[in-house]
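Engineer: Below you will find the structure I want to go over with you.
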Amino acid sequence: MRIGIDFDNTLAGYDHVFALAARQRGLVPPDFDGDKRAVRSALRALPEGERQWMALQGEVYGPRMAEARMIDGADRFLARCRAEGHEVVIISHKTEFGHFDPTATNLRDAARAWMTAKGFFDPGGFALRPENVVFEATRAEKIARITARCCDIFIDDLEEVLLDPAFPAACRRLHLAGESPHPGLESFSGWAEIHDAVF
């Protein structure tokens, strides 16, 4: 099979980084311990909240990318793909630079460096081909790439990607939903369930 996988919040997890960065900036109380969605909601309630949220994203996805953690169970899934000879293609909607990031960190380079550190390209690790990691500037371009690569399966945390009318009909859509399943999709609470559904 050719298995397509989203990157942010599907393979790389940032909940702890968002909470820590928001606390360090004084945008949430010192005892705040919510996930990314809770941080976003808290910041958007502030004056100039959308700008604060965008600036925080630029920090987390850029200079603090190394602090991200692999989502639980993704490593087992990738190892199984390698063991059985399935091709993995990472296709993500990611701009080149974050908004309001004074470091001007290239977000795509930061993501690739994180993947390198986690063994994604290592022959003794997950053995992905570097050319099988693609970042697109828009959601429409991401979906067009999924179509062009003829993915048999695509795994994403965003239901709006999987439900987009342009999404290829022949591609099986697996939704990494956490605690927010969508009734119109094959939704899973975590990678362990996705592993069992695929293999």
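In the structure tokens, chains take the letters A, B, ... in the order shown, each chain's residues start at 1, and ligands count up from 1 in the order shown.
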Mind checking DSSP for chain A and telling me the strand (DSSP E) residues as a PyMOL selection string?

Structural biologist: chain A and resi 2-5+12-13+69-70+87-93+133-136+153-156+172-176+186-188

Engineer: Going by DSSP on the backbone, which residues of range 16-167 of chain A come out as helix (DSSP H, G or I)? List them as number ranges by chain.

Structural biologist: A: 16-24, 36-44, 49-61, 65-67, 74-84, 107-117, 130-132, 139-148, 159-162

Engineer: Give me, as a list in words, all polymer residues having an atom no more than 8 Å from Trp53 in chain A, counting only C-alpha atoms and skipping those fewer than 6 positions away in the same chain.

Structural biologist: Arg40, Leu43 and Arg44 of chain A

Engineer: What lies within 9 Å of Trp114 in chain A using only C-alpha atoms, ignoring chain neighbours under 3 positions off, as a PyMOL selection string?

Structural biologist: chain A and resi 12+65-68+109-111+117-120

Engineer: Go through A:Asp6, A:Met70, A:His99, A:Val60 one by one, measure the shortest atom-to-atom distance of each to Glu136 in chain A using only C-alpha atoms, and give the residue with the smallest value.

Structural biologist: A:Asp6

Engineer: Which residue is closest to Thr105 in chain A? Choose from A:Gly13, A:Gly125, A:Pro63, A:Gly73 and count only C-alpha atoms.

Structural biologist: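 Of the candidates, the smallest distance to Thr105 in chain A is held by A:Pro63.
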
Engineer: Hey, which of A:Pro30, A:Cys81, A:Ala22, A:Ile71 ends up closest to Ala42 in chain A? Count only C-alpha atoms.

Structural biologist: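 Nearest candidate to Ala42 in chain A out of A:Pro30, A:Cys81, A:Ala22, A:Ile71: A:Ala22.
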
Engineer: Name the closest residue to Asp152 in chain A among the candidates A:Ala55, A:Leu46, A:Val134, A:Ala169; distances are taken between atoms, counting only C-alpha atoms.

Structural biologist: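 Checking each of A:Ala55, A:Leu46, A:Val134, A:Ala169 against Asp152 in chain A, counting only C-alpha atoms, the winner is A:Ala169.
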
Engineer: My list of candidates is A:Leu185, A:Leu158, A:Cys151, A:Ile3. Which is closest to Cys171 in chain A when distances are computed with only C-alpha atoms?

Structural biologist: A:Cys151

Engineer: Would you mind telling me which residue in A:Ala197, A:Leu11, A:Leu128, A:Ala170 lies nearest to Arg69 in chain A when using only C-alpha atoms?

Structural biologist: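 Looking only at the distances to Arg69 in chain A, the closest residue turns out to be A:Leu11.
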
Engineer: Excluding Cys150 in chain A and any residue of its chain fewer than 4 positions from it, enumerate the residues within 10 Å of it, using only C-alpha atoms, and give them as JSON, numbers by chain.

Structural biologist: {"A": [1, 2, 3, 4, 144, 145, 146, 154, 168, 170, 171]}

Engineer: Could the residues in this selection be saved with C-alpha atoms as a PDB file, in the first residue's frame?

Structural biologist:
ATOM      1  CA  MET A   1       0.000   0.000   0.000  1.00  0.00           C
ATOM      2  CA  ARG A   2       0.919   3.630  -0.346  1.00  0.00           C
ATOM      3  CA  ILE A   3      -0.024   5.257   2.964  1.00  0.00           C
ATOM      4  CA  GLY A   4      -0.205   9.026   3.214  1.00  0.00           C
ATOM      5  CA  ALA A 144      -4.015  17.769  -4.954  1.00  0.00           C
ATOM      6  CA  ARG A 145      -0.745  16.132  -3.862  1.00  0.00           C
ATOM      7  CA  ILE A 146      -2.618  13.304  -2.102  1.00  0.00           C
ATOM      8  CA  PHE A 154      -4.563   8.930   4.148  1.00  0.00           C
ATOM      9  CA  PRO A 168      -9.837  11.625  -3.865  1.00  0.00           C
ATOM     10  CA  ALA A 170     -10.653   6.137  -4.043  1.00  0.00           C
ATOM     11  CA  CYS A 171      -8.489   6.961  -1.015  1.00  0.00           C
TER      12      CYS A 171
END

Engineer: For Leu176 in chain A, work out the shell of residues within 7 Å, counting only C-alpha atoms and skipping chain neighbours fewer than 6 positions away, then give it as a VMD selection string.

Structural biologist: chain A and resid 10 155 to 157 187 to 190

Engineer: Rounded to one decimal place, report the CA of Asp72 in chain A-CA of Glu84 in chain A distance in Å.

Structural biologist: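 Computing it gives 20.5 Å between the two atoms.
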
Engineer: Which value, in Å to one decimal, gives the distance between CA of Ser92 in chain A and CA of Asp8 in chain A?

Structural biologist: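 Computing it gives 7.4 Å between the two atoms.
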